[in-house]
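The data block below is start_23.cif; it holds mmCIF, C-alpha atoms and all ligand atoms.
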data_my_file
loop_
_atom_site.label_atom_id
_atom_site.label_comp_id
_atom_site.auth_asym_id
_atom_site.auth_seq_id
_atom_site.Cartn_x
_atom_site.Cartn_y
_atom_site.Cartn_z
CA MET A 1 -17.67 -5.76 -20.27
CA GLN A 2 -18.20 -3.69 -17.18
CA ILE A 3 -15.75 -1.41 -15.43
CA THR A 4 -13.92 -3.23 -12.66
CA ASP A 5 -10.51 -2.82 -11.06
CA SER A 6 -7.61 -3.36 -13.47
CA CYS A 7 -9.53 -2.29 -16.57
CA VAL A 8 -8.27 0.48 -18.81
CA VAL A 9 -11.19 2.78 -19.51
CA SER A 10 -11.47 5.44 -22.21
CA ILE A 11 -13.84 8.23 -21.34
CA HIS A 12 -15.00 11.32 -23.09
CA TYR A 13 -16.06 14.12 -20.78
CA THR A 14 -16.93 17.73 -20.21
CA LEU A 15 -16.05 19.28 -16.88
CA THR A 16 -17.94 22.23 -15.44
CA ASN A 17 -17.88 23.88 -12.04
CA SER A 18 -20.84 24.57 -9.78
CA GLU A 19 -21.28 28.01 -11.38
CA GLY A 20 -21.80 26.35 -14.74
CA GLU A 21 -18.46 27.48 -16.16
CA THR A 22 -16.81 25.01 -18.50
CA ILE A 23 -13.35 23.96 -17.40
CA GLU A 24 -12.68 21.26 -20.00
CA GLU A 25 -14.87 20.52 -22.99
CA ASN A 26 -14.94 17.36 -25.09
CA ALA A 27 -11.87 16.02 -23.35
CA SER A 28 -10.75 12.41 -23.60
CA MET A 29 -8.80 10.33 -21.16
CA ASP A 30 -7.63 6.74 -20.79
CA TYR A 31 -7.08 5.65 -17.23
CA LEU A 32 -6.46 2.50 -15.22
CA HIS A 33 -9.48 1.84 -13.01
CA GLY A 34 -9.02 1.13 -9.30
CA LYS A 35 -5.59 2.76 -8.95
CA ASN A 36 -6.60 6.26 -7.88
CA ASN A 37 -5.60 7.67 -11.24
CA ILE A 38 -8.72 9.81 -11.30
CA VAL A 39 -10.54 11.59 -8.48
CA PRO A 40 -12.20 9.13 -6.10
CA GLY A 41 -15.74 10.52 -6.51
CA LEU A 42 -15.63 9.89 -10.24
CA GLU A 43 -13.93 6.51 -10.02
CA THR A 44 -16.56 5.20 -7.59
CA GLU A 45 -19.42 6.20 -9.90
CA LEU A 46 -17.81 4.61 -12.95
CA THR A 47 -17.46 1.19 -11.31
CA GLY A 48 -19.78 -1.33 -12.96
CA LYS A 49 -20.66 0.92 -15.93
CA SER A 50 -20.48 -0.30 -19.55
CA VAL A 51 -19.43 1.10 -22.94
CA ASP A 52 -21.82 3.80 -24.20
CA ASP A 53 -23.13 4.55 -20.73
CA SER A 54 -23.38 8.27 -20.03
CA LEU A 55 -23.46 9.72 -16.57
CA LYS A 56 -23.23 13.00 -14.75
CA VAL A 57 -21.10 12.91 -11.63
CA THR A 58 -20.80 15.71 -9.09
CA VAL A 59 -17.63 15.64 -7.03
CA THR A 60 -17.13 17.75 -3.94
CA PRO A 61 -13.69 18.88 -2.73
CA GLU A 62 -13.79 15.85 -0.40
CA THR A 63 -14.27 13.37 -3.24
CA GLY A 64 -12.50 15.48 -5.85
CA TYR A 65 -9.35 17.59 -5.82
CA GLY A 66 -9.24 18.28 -2.10
CA LYS A 67 -9.82 21.35 0.01
CA VAL A 68 -7.79 24.51 -0.30
CA ASN A 69 -4.82 24.31 2.06
CA PRO A 70 -4.20 27.83 3.39
CA GLU A 71 -0.59 26.93 4.15
CA LEU A 72 0.06 26.67 0.43
CA ILE A 73 -0.85 30.34 -0.02
CA GLN A 74 2.30 32.33 0.67
CA LYS A 75 3.80 35.76 0.27
CA VAL A 76 7.20 35.77 -1.35
CA PRO A 77 9.51 38.74 -1.94
CA ARG A 78 9.10 40.32 -5.32
CA SER A 79 12.80 39.82 -5.85
CA ALA A 80 12.03 36.12 -6.24
CA PHE A 81 10.79 37.08 -9.69
CA ASP A 82 13.89 39.08 -10.69
CA GLY A 83 14.81 38.07 -14.18
CA VAL A 84 11.20 37.45 -15.18
CA ASP A 85 10.15 40.07 -17.71
CA SER A 86 6.67 40.67 -16.38
CA ILE A 87 4.36 38.97 -13.95
CA LYS A 88 0.62 39.22 -13.62
CA VAL A 89 -2.12 37.67 -11.54
CA GLY A 90 -2.95 34.23 -12.89
CA ASP A 91 0.57 33.45 -14.12
CA ARG A 92 1.86 30.06 -13.11
CA PHE A 93 5.43 29.23 -12.14
CA GLN A 94 7.39 26.19 -11.11
CA ALA A 95 8.74 26.92 -7.65
CA SER A 96 10.99 24.95 -5.33
CA ASP A 97 10.25 24.68 -1.64
CA ASP A 98 12.80 24.41 1.17
CA ASP A 99 13.15 20.66 0.62
CA GLY A 100 13.85 21.17 -3.06
CA GLN A 101 10.46 19.75 -4.05
CA SER A 102 9.14 21.53 -7.08
CA GLN A 103 5.61 22.78 -7.07
CA LEU A 104 3.41 24.67 -9.51
CA VAL A 105 2.18 27.94 -8.03
CA THR A 106 -0.26 30.54 -9.30
CA ILE A 107 0.18 34.26 -8.66
CA ILE A 108 -2.95 35.52 -6.92
CA GLU A 109 -1.86 39.01 -5.82
CA ILE A 110 0.99 41.40 -6.60
CA GLN A 111 1.98 44.04 -4.07
CA GLU A 112 4.79 46.57 -4.07
CA THR A 113 7.41 44.38 -2.45
CA THR A 114 5.70 41.00 -2.20
CA VAL A 115 3.85 38.59 -4.42
CA THR A 116 1.22 36.19 -3.09
CA VAL A 117 1.35 32.77 -4.66
CA ASP A 118 -1.02 29.83 -4.29
CA GLY A 119 0.39 26.31 -4.51
CA ASN A 120 -2.99 24.60 -4.32
CA PHE A 121 -4.12 22.59 -7.32
CA PRO A 122 -6.28 25.02 -9.33
CA LEU A 123 -9.38 22.83 -8.93
CA ALA A 124 -8.93 22.39 -5.16
CA GLY A 125 -11.90 23.53 -3.13
CA GLN A 126 -14.30 23.33 -6.05
CA THR A 127 -17.43 21.30 -6.59
CA LEU A 128 -17.20 19.92 -10.12
CA ILE A 129 -19.55 18.21 -12.51
CA PHE A 130 -18.22 15.58 -14.88
CA ASP A 131 -20.45 14.77 -17.85
CA VAL A 132 -18.98 11.46 -18.89
CA ARG A 133 -19.49 8.97 -21.68
CA ILE A 134 -17.70 5.64 -21.63
CA GLU A 135 -16.06 4.92 -24.97
CA GLU A 136 -14.01 1.81 -24.41
CA ILE A 137 -13.15 -0.71 -21.71
CA ARG A 138 -10.33 -3.23 -22.02
CA PRO A 139 -8.29 -5.36 -19.64
CA ALA A 140 -5.06 -3.68 -18.58
CA SER A 141 -1.79 -5.15 -19.83
CA LYS A 142 0.69 -6.67 -17.41
CA GLU A 143 2.96 -3.68 -17.92
CA GLU A 144 0.16 -1.21 -17.20
CA LEU A 145 -0.66 -3.05 -13.98
CA GLU A 146 3.00 -2.99 -12.95
CA HIS A 147 3.24 0.73 -13.65
CA GLY A 148 -0.13 1.51 -12.08
CA HIS A 149 -1.33 3.61 -15.01
CA ALA A 150 -2.76 3.28 -18.51
CA HIS A 151 -0.56 3.39 -21.59
CA GLY A 152 -1.73 4.86 -24.86
CA LEU A 153 -2.35 3.12 -28.14
CA GLY A 154 0.61 0.93 -28.94
CA GLY A 155 1.46 0.72 -25.25
CA HIS A 156 3.79 3.66 -24.98
CA HIS A 157 3.91 6.35 -22.38
CA HIS A 158 2.27 9.69 -22.75
ZN ZN A 201 4.02 3.15 -17.63
#
Represent the structure contained in this file as structure tokens.
Amino acid sequence: MQITDSCVVSIHYTLTNSEGETIEENASMDYLHGKNNIVPGLETELTGKSVDDSLKVTVTPETGYGKVNPELIQKVPRSAFDGVDSIKVGDRFQASDDDGQSQLVTIIEIQETTVTVDGNFPLAGQTLIFDVRIEEIRPASKEELEHGHAHGLGGHHH
């Protein structure tokens, strides 16, 4: 069986960045192929591959997690963190924007009266290398196709 749209694919992978730093090691993932559940650059390269195939895929920001959007880097008053015991660069918080949408932000700088937070996905702007091995390919269930994502063993959500 080869990977085509509407297959559920199990992959095992290690993710490194262009500096050779490991971001995720020996990770596993089940995903529904052809539904944009994984970054487009990786999905394209996996099409047509078979179980036990191994491949190394380089994704750029354009085919990966997107470019850094400078508008998502903002200064907020330090008082926004009143009630938080301590904050440091690298801490991540759930923040709400003006429309009430919640967003995960990372603290990138702390000044006397302001804190600079970055709402970009942490892997945005990076060139990444996926070292992938294909473990299993199976047809998606009707329910998975309706939901647009893969379910785990036994068909439940995770
Ligand atoms: Zn579901």
Proximity to ligand ZN 201 (chain A) - best of A:Asp97, A:Tyr31, A:Leu104, A:His12, all atoms listed in the file:
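Looking at the shortest contact to ligand ZN 201 (chain A), the residue is A:Tyr31.
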Residues within 8 Å of ligand ZN 201 (chain A) should be enumerated using only C-alpha atoms and all ligand atoms and returned as a PyMOL selection string.
chain A and resi 143-144+146-151+156-157
Just checking: using only C-alpha atoms, which residue out of A:Leu15, A:Val115, A:Val105, A:Leu123 ends up closest to Asp82 in chain A?
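Among A:Leu15, A:Val115, A:Val105, A:Leu123, it is A:Val115 that comes nearest to Asp82 in chain A.
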Please measure the separation of CA of Ile134 in chain A and CA of Glu24 in chain A, giving the value in Å to one decimal.
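According to the coordinates, CA of Ile134 in chain A and CA of Glu24 in chain A are separated by 16.5 Å.
Of the residues listed (A:Val68, A:Val84, A:Val8, A:Ile3), A:Ile3 shows the shortest atom-to-atom separation from Thr44 in chain A; distances use all atoms listed in the file.
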Skipping near chain neighbours, those fewer than 3 positions away, what residues fall within 6 Å of Thr106 in chain A using only C-alpha atoms, listed as a list in words?
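The residues satisfying every condition are Gly90, Asp91, Arg92, Val117 and Asp118 of chain A.
Among the candidates A:Thr16, A:Gln101, A:Gln126, A:Thr47, the one nearest to Thr60 in chain A when counting only C-alpha atoms is A:Gln126.
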Give me, please, the distance in Å between CA of Thr4 in chain A and CA of Leu46 in chain A, quoted to one decimal.
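Straight-line distance from CA of Thr4 in chain A to CA of Leu46 in chain A works out to 8.8 Å.
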Counting all atoms listed in the file, the option among A:Asp99, A:Glu25, A:Asp85, A:Asp52 closest to Glu135 in chain A
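Answer, going by the shortest atom-to-atom distance: A:Asp52.
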